[in-house]
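What follows is input-v1.cif (mmCIF, C-alpha atoms).
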data_model
#
loop_
_atom_site.label_atom_id
_atom_site.label_comp_id
_atom_site.auth_asym_id
_atom_site.auth_seq_id
_atom_site.Cartn_x
_atom_site.Cartn_y
_atom_site.Cartn_z
CA MET A 991 41.32 -7.18 -86.68
CA ASP A 992 43.56 -5.37 -84.16
CA GLU A 993 40.62 -3.58 -82.54
CA ALA A 994 38.71 -3.55 -79.26
CA TYR A 995 35.21 -5.04 -79.08
CA ASP A 996 32.60 -5.34 -76.36
CA VAL A 997 31.89 -8.97 -77.27
CA ILE A 998 33.69 -11.56 -79.42
CA VAL A 999 31.65 -14.59 -80.51
CA LEU A 1000 33.36 -17.82 -81.62
CA GLY A 1001 31.31 -20.26 -83.72
CA THR A 1002 28.24 -19.56 -85.86
CA GLY A 1003 25.86 -22.11 -84.36
CA LEU A 1004 22.29 -20.96 -83.75
CA THR A 1005 22.89 -20.16 -80.06
CA GLU A 1006 25.93 -18.01 -80.86
CA CYS A 1007 24.23 -16.21 -83.77
CA ILE A 1008 21.13 -15.32 -81.75
CA LEU A 1009 23.26 -13.95 -78.89
CA SER A 1010 25.41 -12.05 -81.40
CA GLY A 1011 22.26 -10.51 -82.88
CA ILE A 1012 20.86 -9.53 -79.46
CA MET A 1013 24.16 -7.95 -78.38
CA SER A 1014 24.41 -5.97 -81.63
CA VAL A 1015 20.80 -4.72 -81.37
CA ASN A 1016 21.65 -3.62 -77.81
CA GLY A 1017 24.44 -1.42 -79.14
CA LYS A 1018 27.42 -3.66 -78.35
CA LYS A 1019 30.38 -3.74 -80.72
CA VAL A 1020 30.57 -7.41 -81.81
CA LEU A 1021 33.19 -9.45 -83.67
CA HIS A 1022 31.93 -12.88 -84.79
CA MET A 1023 34.44 -15.51 -85.98
CA ASP A 1024 34.21 -19.12 -87.13
CA ARG A 1025 37.04 -21.50 -88.04
CA ASN A 1026 34.77 -23.09 -90.69
CA PRO A 1027 34.12 -21.58 -94.14
CA TYR A 1028 30.33 -21.94 -93.65
CA TYR A 1029 27.69 -20.76 -91.17
CA GLY A 1030 26.00 -22.97 -88.60
CA GLY A 1031 28.77 -25.00 -86.97
CA GLU A 1032 27.16 -28.12 -85.52
CA SER A 1033 23.70 -26.84 -86.52
CA SER A 1034 24.48 -26.24 -90.20
CA SER A 1035 22.69 -27.64 -93.25
CA ILE A 1036 25.09 -29.45 -95.58
CA THR A 1037 24.89 -28.80 -99.33
CA PRO A 1038 25.61 -30.08 -101.93
CA LEU A 1039 25.66 -33.90 -101.79
CA GLU A 1040 28.77 -34.27 -103.92
CA GLU A 1041 32.08 -32.50 -104.29
CA VAL A 1042 31.94 -29.39 -106.49
CA GLY A 1043 35.24 -27.65 -107.26
CA ASP A 1044 37.08 -27.19 -103.96
CA GLN A 1045 33.90 -27.64 -101.87
CA GLN A 1046 35.08 -29.87 -99.01
CA TYR A 1047 31.97 -29.99 -96.89
CA PHE A 1048 29.50 -31.98 -98.93
CA LEU A 1049 27.47 -34.70 -97.22
CA TYR A 1050 29.06 -37.89 -98.59
CA LYS A 1051 32.58 -36.68 -97.82
CA ARG A 1052 31.65 -35.54 -94.32
CA PHE A 1053 30.42 -39.06 -93.51
CA GLU A 1054 33.37 -40.68 -95.34
CA ILE A 1055 31.26 -42.52 -97.91
CA ALA A 1056 33.72 -43.05 -100.75
CA GLU A 1057 31.50 -43.90 -103.71
CA GLY A 1058 29.48 -40.65 -103.73
CA PRO A 1059 25.76 -40.24 -104.48
CA PRO A 1060 24.06 -42.32 -107.21
CA GLU A 1061 22.25 -40.58 -110.08
CA SER A 1062 18.90 -41.45 -108.48
CA MET A 1063 19.60 -38.78 -105.85
CA GLY A 1064 19.03 -36.06 -108.45
CA ARG A 1065 20.97 -32.80 -108.49
CA GLY A 1066 23.34 -32.42 -105.53
CA ARG A 1067 22.59 -28.71 -105.20
CA ASP A 1068 18.90 -29.48 -104.54
CA TRP A 1069 19.83 -30.88 -101.13
CA ASN A 1070 20.22 -29.09 -97.78
CA VAL A 1071 20.65 -31.74 -95.09
CA ASP A 1072 20.45 -30.66 -91.44
CA LEU A 1073 23.07 -32.15 -89.15
CA ILE A 1074 20.90 -31.49 -86.10
CA PRO A 1075 17.19 -32.06 -86.80
CA LYS A 1076 14.79 -29.79 -84.96
CA PHE A 1077 11.42 -28.13 -85.55
CA LEU A 1078 10.16 -24.80 -84.20
CA MET A 1079 7.15 -24.73 -81.86
CA ALA A 1080 4.74 -22.30 -83.56
CA ASN A 1081 4.07 -20.53 -80.26
CA GLY A 1082 7.50 -21.20 -78.78
CA GLN A 1083 10.44 -19.07 -77.71
CA LEU A 1084 12.43 -19.22 -80.96
CA VAL A 1085 9.48 -18.01 -83.05
CA LYS A 1086 9.06 -15.20 -80.52
CA MET A 1087 12.75 -14.31 -80.95
CA LEU A 1088 12.36 -14.35 -84.74
CA LEU A 1089 9.33 -12.06 -84.56
CA TYR A 1090 10.81 -9.58 -82.08
CA THR A 1091 14.02 -9.21 -84.12
CA GLU A 1092 12.11 -9.28 -87.44
CA VAL A 1093 14.52 -11.94 -88.70
CA THR A 1094 11.32 -13.48 -90.16
CA ARG A 1095 11.80 -11.18 -93.15
CA TYR A 1096 14.82 -13.25 -94.22
CA LEU A 1097 13.11 -16.64 -93.89
CA ASP A 1098 10.06 -18.55 -95.13
CA PHE A 1099 8.45 -21.30 -93.08
CA LYS A 1100 6.08 -24.18 -93.72
CA VAL A 1101 3.88 -25.90 -91.18
CA VAL A 1102 4.97 -29.47 -90.45
CA GLU A 1103 2.11 -31.69 -91.61
CA GLY A 1104 1.72 -34.05 -88.70
CA SER A 1105 2.72 -35.06 -85.19
CA PHE A 1106 2.62 -38.77 -84.39
CA VAL A 1107 3.33 -41.07 -81.47
CA TYR A 1108 4.43 -44.73 -81.45
CA LYS A 1109 2.49 -47.41 -79.60
CA ALA A 1110 3.00 -51.19 -79.83
CA GLY A 1111 4.72 -51.05 -83.21
CA LYS A 1112 2.26 -48.67 -84.88
CA ILE A 1113 2.11 -44.89 -85.18
CA TYR A 1114 -0.90 -42.73 -84.31
CA LYS A 1115 -1.69 -39.03 -84.66
CA VAL A 1116 -1.07 -37.22 -81.37
CA PRO A 1117 -4.47 -36.15 -79.97
CA SER A 1118 -4.19 -32.74 -78.32
CA THR A 1119 -7.71 -31.30 -78.45
CA GLU A 1120 -10.95 -32.55 -76.93
CA THR A 1121 -12.32 -33.41 -80.39
CA GLU A 1122 -9.19 -35.33 -81.40
CA ALA A 1123 -9.16 -37.14 -78.05
CA LEU A 1124 -12.66 -38.51 -78.68
CA ALA A 1125 -11.78 -39.57 -82.25
CA SER A 1126 -8.36 -41.12 -81.49
CA ASN A 1127 -7.63 -44.83 -81.93
CA LEU A 1128 -4.99 -44.64 -79.20
CA MET A 1129 -7.51 -45.12 -76.39
CA GLY A 1130 -10.63 -47.04 -75.47
CA MET A 1131 -13.97 -45.24 -74.96
CA PHE A 1132 -13.69 -44.72 -71.18
CA GLU A 1133 -10.04 -43.69 -71.43
CA LYS A 1134 -11.01 -41.09 -74.04
CA ARG A 1135 -13.48 -39.48 -71.67
CA ARG A 1136 -10.97 -39.35 -68.84
CA PHE A 1137 -8.31 -37.87 -71.17
CA ARG A 1138 -10.81 -35.31 -72.46
CA LYS A 1139 -11.53 -34.20 -68.87
CA PHE A 1140 -7.78 -33.90 -68.29
CA LEU A 1141 -7.35 -31.70 -71.42
CA VAL A 1142 -10.23 -29.43 -70.32
CA PHE A 1143 -8.57 -29.10 -66.89
CA VAL A 1144 -5.22 -28.19 -68.50
CA ALA A 1145 -6.80 -25.67 -70.91
CA ASN A 1146 -8.57 -23.86 -68.04
CA PHE A 1147 -5.64 -24.09 -65.59
CA ASP A 1148 -4.40 -20.72 -64.31
CA GLU A 1149 -2.03 -20.78 -61.35
CA ASN A 1150 -3.30 -17.33 -60.28
CA ASP A 1151 -6.98 -18.33 -60.30
CA PRO A 1152 -7.80 -20.77 -57.46
CA LYS A 1153 -11.15 -21.68 -59.09
CA THR A 1154 -9.30 -23.39 -61.99
CA LEU A 1155 -6.93 -25.46 -59.82
CA GLU A 1156 -9.48 -28.09 -58.68
CA GLY A 1157 -7.47 -28.70 -55.52
CA VAL A 1158 -4.14 -29.04 -57.35
CA ASP A 1159 -1.17 -27.10 -55.93
CA PRO A 1160 0.88 -25.93 -58.96
CA HIS A 1161 4.11 -25.92 -56.92
CA GLY A 1162 3.39 -28.88 -54.63
CA THR A 1163 1.31 -31.51 -56.45
CA THR A 1164 3.44 -33.80 -58.63
CA MET A 1165 2.45 -34.70 -62.19
CA ARG A 1166 2.17 -38.32 -61.12
CA GLU A 1167 -0.55 -37.30 -58.65
CA VAL A 1168 -2.38 -35.29 -61.35
CA TYR A 1169 -2.41 -38.31 -63.67
CA ARG A 1170 -3.71 -40.44 -60.81
CA ARG A 1171 -6.44 -37.90 -60.09
CA PHE A 1172 -7.76 -38.30 -63.66
CA ASP A 1173 -7.19 -42.09 -63.60
CA LEU A 1174 -5.10 -42.04 -66.80
CA GLY A 1175 -3.51 -45.31 -67.98
CA GLN A 1176 0.20 -45.82 -68.75
CA ASP A 1177 -0.15 -45.48 -72.55
CA VAL A 1178 -1.97 -42.15 -72.17
CA ILE A 1179 0.62 -40.96 -69.63
CA ASP A 1180 3.34 -41.94 -72.14
CA PHE A 1181 2.05 -39.84 -75.01
CA THR A 1182 0.97 -36.95 -72.75
CA GLY A 1183 4.40 -36.60 -71.15
CA HIS A 1184 6.47 -37.34 -74.23
CA ALA A 1185 4.43 -36.27 -77.30
CA LEU A 1186 2.56 -33.29 -75.77
CA ALA A 1187 4.82 -32.05 -72.94
CA LEU A 1188 7.87 -33.22 -74.97
CA TYR A 1189 9.90 -34.63 -72.08
CA ARG A 1190 12.73 -37.02 -73.02
CA THR A 1191 12.51 -39.10 -69.81
CA ASP A 1192 10.00 -39.78 -67.02
CA ASP A 1193 11.90 -37.74 -64.41
CA TYR A 1194 9.25 -35.00 -64.69
CA MET A 1195 6.59 -37.28 -63.10
CA ASP A 1196 7.78 -36.55 -59.57
CA GLN A 1197 8.30 -32.81 -60.12
CA PRO A 1198 5.67 -30.11 -59.38
CA CYS A 1199 3.01 -30.21 -62.12
CA LEU A 1200 3.09 -26.54 -63.23
CA GLU A 1201 5.94 -26.95 -65.72
CA THR A 1202 4.26 -29.94 -67.41
CA ILE A 1203 0.88 -28.22 -67.60
CA ASN A 1204 2.54 -25.17 -69.20
CA ARG A 1205 4.32 -27.41 -71.72
CA ILE A 1206 1.03 -29.07 -72.73
CA LYS A 1207 -0.52 -25.59 -73.08
CA LEU A 1208 2.39 -24.53 -75.34
CA TYR A 1209 1.77 -27.56 -77.56
CA SER A 1210 -1.97 -26.85 -77.78
CA GLU A 1211 -1.48 -23.11 -78.41
CA SER A 1212 1.14 -23.86 -81.09
CA LEU A 1213 -1.23 -26.34 -82.75
CA ALA A 1214 -4.06 -23.80 -82.65
CA ARG A 1215 -2.01 -21.31 -84.69
CA TYR A 1216 -1.86 -23.35 -87.88
CA GLY A 1217 -3.92 -26.49 -87.37
CA LYS A 1218 -1.93 -29.40 -88.87
CA SER A 1219 0.73 -29.63 -86.17
CA PRO A 1220 2.39 -27.35 -83.61
CA TYR A 1221 5.68 -27.31 -85.57
CA LEU A 1222 7.22 -25.04 -88.22
CA TYR A 1223 10.25 -25.64 -90.44
CA PRO A 1224 12.22 -23.14 -92.57
CA LEU A 1225 12.48 -23.56 -96.34
CA TYR A 1226 16.04 -24.51 -97.38
CA GLY A 1227 16.81 -26.04 -93.98
CA LEU A 1228 17.77 -25.04 -90.46
CA GLY A 1229 21.06 -23.54 -91.67
CA GLU A 1230 18.97 -20.51 -92.66
CA LEU A 1231 18.30 -19.69 -88.99
CA PRO A 1232 21.85 -18.84 -87.84
CA GLN A 1233 22.39 -16.94 -91.10
CA GLY A 1234 19.27 -14.85 -90.46
CA PHE A 1235 20.48 -13.80 -87.01
CA ALA A 1236 24.00 -13.24 -88.36
CA ARG A 1237 22.48 -10.84 -90.90
CA LEU A 1238 20.70 -9.04 -88.06
CA SER A 1239 24.00 -8.63 -86.20
CA ALA A 1240 25.74 -7.36 -89.35
CA ILE A 1241 22.99 -4.78 -89.94
CA TYR A 1242 23.70 -3.41 -86.45
CA GLY A 1243 27.45 -3.16 -87.05
CA GLY A 1244 28.59 -6.69 -86.18
CA THR A 1245 31.77 -7.84 -87.98
CA TYR A 1246 31.83 -11.38 -89.41
CA MET A 1247 34.86 -13.51 -90.29
CA LEU A 1248 34.46 -17.07 -91.60
CA ASN A 1249 37.38 -19.44 -92.20
CA LYS A 1250 39.23 -17.68 -89.37
CA PRO A 1251 41.33 -19.96 -87.14
CA VAL A 1252 41.44 -19.23 -83.41
CA ASP A 1253 44.99 -19.62 -82.10
CA GLU A 1254 44.45 -18.58 -78.50
CA ILE A 1255 41.95 -17.07 -76.07
CA VAL A 1256 44.01 -14.38 -74.31
CA MET A 1257 43.53 -14.18 -70.52
CA GLU A 1258 44.78 -11.66 -67.94
CA GLY A 1259 44.18 -12.14 -64.21
CA GLY A 1260 41.72 -14.96 -64.85
CA LYS A 1261 39.59 -12.85 -67.22
CA VAL A 1262 39.31 -12.95 -71.00
CA VAL A 1263 40.82 -9.89 -72.69
CA GLY A 1264 40.97 -10.99 -76.33
CA VAL A 1265 41.32 -13.61 -79.05
CA LYS A 1266 44.48 -14.27 -81.08
CA SER A 1267 44.12 -15.30 -84.72
CA GLU A 1268 46.84 -15.47 -87.37
CA GLY A 1269 49.20 -13.30 -85.34
CA GLU A 1270 46.65 -10.55 -84.57
CA VAL A 1271 44.80 -9.98 -81.29
CA ALA A 1272 41.26 -8.63 -81.12
CA ARG A 1273 40.52 -7.38 -77.61
CA CYS A 1274 37.19 -7.86 -75.84
CA LYS A 1275 35.38 -7.55 -72.52
CA GLN A 1276 33.24 -10.70 -72.93
CA LEU A 1277 33.44 -13.88 -75.01
CA ILE A 1278 30.66 -16.19 -76.23
CA CYS A 1279 31.59 -19.54 -77.79
CA ASP A 1280 30.51 -23.11 -78.42
CA PRO A 1281 32.21 -25.98 -76.51
CA SER A 1282 34.67 -26.80 -79.33
CA TYR A 1283 36.58 -23.54 -78.71
CA VAL A 1284 37.14 -24.11 -74.96
CA PRO A 1285 37.67 -27.88 -74.43
CA ASP A 1286 39.29 -27.18 -71.03
CA ARG A 1287 36.15 -25.37 -69.77
CA VAL A 1288 33.51 -28.02 -70.58
CA ARG A 1289 32.64 -31.49 -69.33
CA PRO A 1290 30.96 -34.43 -71.12
CA ALA A 1291 27.19 -34.64 -70.66
CA GLY A 1292 26.36 -37.81 -72.60
CA LYS A 1293 26.08 -38.59 -76.31
CA VAL A 1294 23.42 -38.37 -79.02
CA VAL A 1295 23.11 -40.71 -82.01
CA ARG A 1296 21.54 -39.24 -85.15
CA VAL A 1297 20.87 -41.33 -88.27
CA ILE A 1298 20.12 -39.36 -91.45
CA CYS A 1299 18.11 -41.49 -93.89
CA ILE A 1300 17.40 -40.64 -97.53
CA LEU A 1301 14.04 -42.13 -98.61
CA SER A 1302 12.07 -42.29 -101.87
CA HIS A 1303 8.73 -42.50 -100.05
CA PRO A 1304 6.79 -40.92 -97.15
CA ILE A 1305 6.58 -42.83 -93.86
CA ARG A 1306 3.86 -45.49 -93.67
CA GLY A 1307 0.89 -44.57 -91.50
CA THR A 1308 1.36 -40.78 -91.81
CA ASN A 1309 -1.21 -40.18 -94.58
CA ASP A 1310 1.69 -39.60 -97.00
CA ALA A 1311 2.79 -36.49 -95.07
CA ASN A 1312 5.60 -34.48 -96.70
CA SER A 1313 6.80 -33.62 -93.19
CA CYS A 1314 6.10 -34.95 -89.73
CA GLN A 1315 7.50 -35.78 -86.32
CA ILE A 1316 7.22 -39.19 -84.70
CA ILE A 1317 7.99 -39.67 -81.00
CA ILE A 1318 8.69 -43.15 -79.67
CA PRO A 1319 8.17 -42.92 -75.88
CA GLN A 1320 10.84 -44.64 -73.80
CA ASN A 1321 8.43 -47.10 -72.14
CA GLN A 1322 7.20 -48.39 -75.52
CA VAL A 1323 10.66 -49.74 -76.37
CA GLY A 1324 12.13 -50.42 -72.90
CA ARG A 1325 14.50 -47.44 -72.84
CA ASN A 1326 15.31 -44.57 -70.46
CA SER A 1327 14.92 -41.85 -73.11
CA ASP A 1328 12.70 -41.27 -76.14
CA ILE A 1329 13.55 -41.83 -79.81
CA TYR A 1330 12.61 -39.06 -82.25
CA VAL A 1331 12.03 -39.02 -86.00
CA CYS A 1332 11.89 -35.82 -88.08
CA LEU A 1333 10.74 -36.10 -91.71
CA ILE A 1334 11.14 -33.34 -94.30
CA SER A 1335 11.18 -33.44 -98.10
CA SER A 1336 11.44 -31.65 -101.43
CA ALA A 1337 8.39 -29.62 -100.32
CA HIS A 1338 10.83 -27.70 -98.06
CA ASN A 1339 13.52 -27.22 -100.74
CA VAL A 1340 15.88 -29.53 -98.86
CA ALA A 1341 15.81 -32.60 -101.14
CA ALA A 1342 15.53 -33.52 -104.82
CA GLN A 1343 12.02 -33.97 -106.24
CA GLY A 1344 10.28 -37.04 -104.82
CA LYS A 1345 12.91 -37.56 -102.11
CA TYR A 1346 12.54 -37.41 -98.32
CA ILE A 1347 15.00 -36.90 -95.46
CA ALA A 1348 14.17 -38.70 -92.21
CA ILE A 1349 16.44 -38.22 -89.21
CA ALA A 1350 16.16 -40.55 -86.22
CA SER A 1351 17.84 -39.47 -82.99
CA THR A 1352 18.08 -40.42 -79.34
CA THR A 1353 20.30 -40.10 -76.28
CA VAL A 1354 22.93 -42.87 -76.27
CA GLU A 1355 22.45 -45.44 -73.49
CA THR A 1356 24.55 -48.44 -74.63
CA ASP A 1357 27.78 -49.36 -76.45
CA SER A 1358 25.92 -49.88 -79.75
CA PRO A 1359 24.27 -46.50 -80.45
CA GLU A 1360 22.97 -47.28 -83.95
CA SER A 1361 20.99 -50.27 -82.70
CA GLU A 1362 19.26 -47.97 -80.18
CA VAL A 1363 17.35 -46.20 -82.97
CA GLN A 1364 16.37 -49.47 -84.65
CA PRO A 1365 12.64 -49.13 -83.76
CA ALA A 1366 12.66 -45.82 -85.67
CA LEU A 1367 14.63 -47.21 -88.63
CA GLU A 1368 12.09 -50.03 -89.01
CA LEU A 1369 9.37 -47.40 -89.54
CA LEU A 1370 11.41 -45.84 -92.37
CA GLU A 1371 12.21 -48.88 -94.52
CA PRO A 1372 13.23 -49.12 -97.30
CA VAL A 1373 16.11 -46.62 -96.85
CA ASP A 1374 18.10 -45.47 -99.92
CA GLN A 1375 21.13 -44.17 -98.00
CA LYS A 1376 22.02 -43.87 -94.33
CA PHE A 1377 24.48 -41.50 -92.59
CA VAL A 1378 25.26 -42.21 -88.91
CA ALA A 1379 26.59 -39.52 -86.55
CA ILE A 1380 27.40 -40.02 -82.87
CA SER A 1381 27.96 -36.67 -81.16
CA ALA A 1382 29.34 -36.04 -77.69
CA LEU A 1383 27.35 -33.52 -75.66
CA TYR A 1384 29.18 -30.93 -73.57
CA GLU A 1385 28.18 -28.42 -70.92
CA PRO A 1386 30.27 -25.61 -69.39
CA THR A 1387 32.03 -26.24 -66.07
CA GLU A 1388 31.63 -22.61 -64.94
CA ASP A 1389 29.01 -19.89 -65.30
CA GLY A 1390 31.43 -17.37 -66.83
CA THR A 1391 30.95 -14.58 -64.29
CA GLU A 1392 34.62 -14.78 -63.23
CA SER A 1393 36.32 -15.37 -66.59
CA GLN A 1394 33.66 -13.59 -68.71
CA ILE A 1395 33.79 -16.59 -71.07
CA PHE A 1396 30.23 -17.75 -71.73
CA CYS A 1397 30.08 -21.18 -73.33
CA SER A 1398 26.89 -22.65 -74.82
CA ARG A 1399 25.66 -26.20 -74.32
CA SER A 1400 25.66 -28.83 -77.08
CA TYR A 1401 22.37 -29.40 -78.92
CA ASP A 1402 20.41 -32.21 -77.25
CA ALA A 1403 18.33 -35.01 -78.79
CA THR A 1404 14.99 -33.15 -78.58
CA THR A 1405 13.36 -32.19 -81.88
CA HIS A 1406 12.47 -28.65 -80.85
CA PHE A 1407 14.43 -25.52 -79.91
CA GLU A 1408 12.95 -24.82 -76.46
CA THR A 1409 16.01 -26.15 -74.56
CA THR A 1410 18.32 -24.16 -76.89
CA CYS A 1411 16.32 -20.99 -76.14
CA ASP A 1412 16.56 -21.68 -72.40
CA ASP A 1413 20.36 -21.81 -72.81
CA ILE A 1414 20.36 -18.51 -74.74
CA LYS A 1415 18.29 -16.80 -72.03
CA ASP A 1416 20.55 -18.20 -69.30
CA ILE A 1417 23.75 -16.99 -71.03
CA TYR A 1418 22.19 -13.54 -71.57
CA ARG A 1419 21.24 -13.34 -67.86
CA ARG A 1420 24.81 -14.17 -66.81
CA MET A 1421 26.34 -11.72 -69.29
CA ALA A 1422 24.00 -8.81 -68.65
CA GLY A 1423 23.49 -9.40 -64.92
CA ALA A 1424 19.71 -9.08 -65.49
CA PRO A 1425 16.95 -11.49 -66.55
CA PHE A 1426 16.38 -12.02 -70.26
CA ASP A 1427 13.63 -9.81 -71.68
CA PHE A 1428 12.24 -10.32 -75.19
CA GLU A 1429 11.91 -6.53 -75.43
CA SER A 1430 15.73 -6.37 -75.47
CA MET A 1431 15.63 -8.06 -78.89
CA LYS A 1432 13.37 -5.52 -80.56
CA ARG A 1433 14.76 -3.49 -83.40
CA ARG A 1434 14.68 0.23 -82.86
CA GLN A 1435 11.48 1.77 -84.15
CA ASN A 1436 13.15 3.82 -86.88
CA ASP A 1437 15.07 0.85 -88.28
CA VAL A 1438 13.53 -0.17 -91.58
CA PHE A 1439 15.22 -3.20 -93.15
CA GLY A 1440 17.95 -2.52 -90.62
CA GLU A 1441 18.76 0.97 -91.85
CA ASP A 1442 17.79 4.25 -90.24
CA GLU A 1443 15.21 6.19 -92.18
CA GLN A 1444 16.66 9.33 -93.63
#
Representation of the structure as structure tokens:
Amino acid sequence: MDEAYDVIVLGTGLTECILSGIMSVNGKKVLHMDRNPYYGGESSSITPLEEVGDQQYFLYKRFEIAEGPPESMGRGRDWNVDLIPKFLMANGQLVKMLLYTEVTRYLDFKVVEGSFVYKAGKIYKVPSTETEALASNLMGMFEKRRFRKFLVFVANFDENDPKTLEGVDPHGTTMREVYRRFDLGQDVIDFTGHALALYRTDDYMDQPCLETINRIKLYSESLARYGKSPYLYPLYGLGELPQGFARLSAIYGGTYMLNKPVDEIVMEGGKVVGVKSEGEVARCKQLICDPSYVPDRVRPAGKVVRVICILSHPIRGTNDANSCQIIIPQNQVGRNSDIYVCLISSAHNVAAQGKYIAIASTTVETDSPESEVQPALELLEPVDQKFVAISALYEPTEDGTESQIFCSRSYDATTHFETTCDDIKDIYRRMAGAPFDFESMKRRQNDVFGEDEQ
């Protein structure tokens, strides 16, 4: 380990593994370490359910449930339970990263079967096309027509073509004013902002409308790719994603060390120069890490509650979908932030036959976090087993340009990876001193399966 590297990466969460892969593809010499004996860090998938040999990281032990899983749970090794539930937008940034790096060759994906929104105690399919808008039970007849006109406006909207703007200033008109222009009611505004544009709060309403319109376009374009929903999910769980990018890094010469404690980040003159582990020092010019490795360089940014529920049935009102997302907009339940539900099942090789995993999550607003997701838990009943996790969120206190320590943000409550990808692009920009470019992720043309053709 006593060597010099361009970049040392601490932690094998998705953010760190993608950055490690990009740096390796760009010719950097990378050392990647994790104190845990498994990949994924906070974004890992836990398997098996029960203790096997000296396996210390199974689900029941992690959540300190003493009695262990009942026989009805099936074989423990059939389970891969995500600690942080998220789906991939089919036309989103993470899929683009997977395609550019060709990490797709290590993974298989399934389309998530449905996208639903909560209104007055019931769930409804999210209408995102003109045809669906006219057929939806979410709205009355006149509301449907107004919403359809709004969707046509969004689909045609091009900030560089004045004819499509219909008097809207992309950088000046707020989204609240756009909604008013189309005379949309509060329920329609709720599901448009939260189930289509995927905002967690209503703060976006008084921001310029361009960002929201682009988010709705992303949803529609993602839906158009596969039809059932705009979301994808990897077989065997999200833990496959960091491993895929770790494999990419290794192919390009990256060195990986799991179960490697970090004793000290070595600084000289306010800049990082290396990492000390078990008496050895690996030197580096730049360091990437998750917040757990630099507690003195991050600040709290709220908390997220996530409740993992094992079910023996699909969720009522979803047409028996094997997988789906349900968004409960904040206004529907008198909150400041949305509640999310992700459902996956044995169809994705993450649960025993006939079993389902539903994960409800939201940003913590009170002193009783579990009760905050109660509207979601009521949709899931009966629940076979429940695991509750309350996670603190952290963000870096500095941009890293002085110290050359680049810390990622904690994973938020959203059920997609767009905010994670924004963080990756921002860290890359600060490290490289230039804007992120997807082209920088491309494998070299003569690399076949990661090895130069002879």
Fewer than 6 positions away in the same chain doesn't count, so skip those; otherwise give me all residues within 7 Å of stretch 1341-1358 of chain A, counting all atoms listed in the file, as number ranges by chain.
A: 1063-1065, 1068-1070, 1075, 1293-1304, 1327-1335, 1366, 1403
Using the chain letters and residue numbers of this document, give as JSON, numbers by chain the residues selected by the PyMOL selection byres ((chain A and resi 1219) around 10).
{"A": [1079, 1080, 1101, 1102, 1103, 1104, 1105, 1106, 1115, 1116, 1118, 1209, 1210, 1212, 1213, 1214, 1215, 1216, 1217, 1218, 1220, 1221, 1222, 1314, 1315]}
Residues as selected, C-alpha atoms, written as a JSON list (two decimals), in the frame of the given file, can you do that?
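Writing done, so here's selection-v9.json:
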[["chain", "number", "residue", "atom", "x", "y", "z"],
["A", 1079, "MET", "CA", 7.15, -24.73, -81.86],
["A", 1080, "ALA", "CA", 4.74, -22.30, -83.56],
["A", 1101, "VAL", "CA", 3.88, -25.90, -91.18],
["A", 1102, "VAL", "CA", 4.97, -29.47, -90.45],
["A", 1103, "GLU", "CA", 2.11, -31.69, -91.61],
["A", 1104, "GLY", "CA", 1.72, -34.05, -88.70],
["A", 1105, "SER", "CA", 2.72, -35.06, -85.19],
["A", 1106, "PHE", "CA", 2.62, -38.77, -84.39],
["A", 1115, "LYS", "CA", -1.69, -39.03, -84.66],
["A", 1116, "VAL", "CA", -1.07, -37.22, -81.37],
["A", 1118, "SER", "CA", -4.19, -32.74, -78.32],
["A", 1209, "TYR", "CA", 1.77, -27.56, -77.56],
["A", 1210, "SER", "CA", -1.97, -26.85, -77.78],
["A", 1212, "SER", "CA", 1.14, -23.86, -81.09],
["A", 1213, "LEU", "CA", -1.23, -26.34, -82.75],
["A", 1214, "ALA", "CA", -4.06, -23.80, -82.65],
["A", 1215, "ARG", "CA", -2.01, -21.31, -84.69],
["A", 1216, "TYR", "CA", -1.86, -23.35, -87.88],
["A", 1217, "GLY", "CA", -3.92, -26.49, -87.37],
["A", 1218, "LYS", "CA", -1.93, -29.40, -88.87],
["A", 1220, "PRO", "CA", 2.39, -27.35, -83.61],
["A", 1221, "TYR", "CA", 5.68, -27.31, -85.57],
["A", 1222, "LEU", "CA", 7.22, -25.04, -88.22],
["A", 1314, "CYS", "CA", 6.10, -34.95, -89.73],
["A", 1315, "GLN", "CA", 7.50, -35.78, -86.32]]
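Between atom CA of A:Gln1276 and atom CA of A:Leu1383 the interatomic distance comes to 23.7 Å.
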Chain and number of each residue from the PyMOL selection byres ((chain A and resi 1016) around 10), as a list in words
Ser1010, Gly1011, Ile1012, Met1013, Ser1014, Val1015, Gly1017, Lys1018, Lys1019, Tyr1242, Ser1430, Met1431, Lys1432, Arg1433 and Arg1434 of chain A
Might you spell out which residues the PyMOL selection byres ((chain A and resi 1228) around 9) would select in the displayed file, as a ChimeraX atom specification?
/A:1030,1033-1035,1070-1077,1223-1227,1229-1232
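If only C-alpha atoms are the atoms counted, then among A:Val997, A:Val1373, A:Asn1127, A:Pro1117 the closest residue to A:Val1263 is A:Val997.
With only C-alpha atoms as the atoms that count, the residue of A:Glu1211, A:Asp1024, A:Glu1156, A:Glu1360 with the shortest distance to A:Asn1081 is A:Glu1211.
Between atom CA of A:Phe1426 and atom CA of A:Gly1082 there is a distance of 15.4 Å.
The shortest atom-to-atom distance to A:Asp1286, with all atoms listed in the file taken into account, belongs to A:Tyr1384 out of A:Phe1377, A:Tyr1384, A:Phe1137, A:Tyr1096.
Closest approach to A:Val1271 among A:Glu993, A:Glu1258, A:Asp1192, A:Glu1201: A:Glu993, based on all atoms listed in the file.
For the choices A:Leu1009, A:Asp1098, A:Leu1248, A:Asp1374, the atom-to-atom distance to A:Asp1416 is smallest for A:Leu1009 when using only C-alpha atoms.
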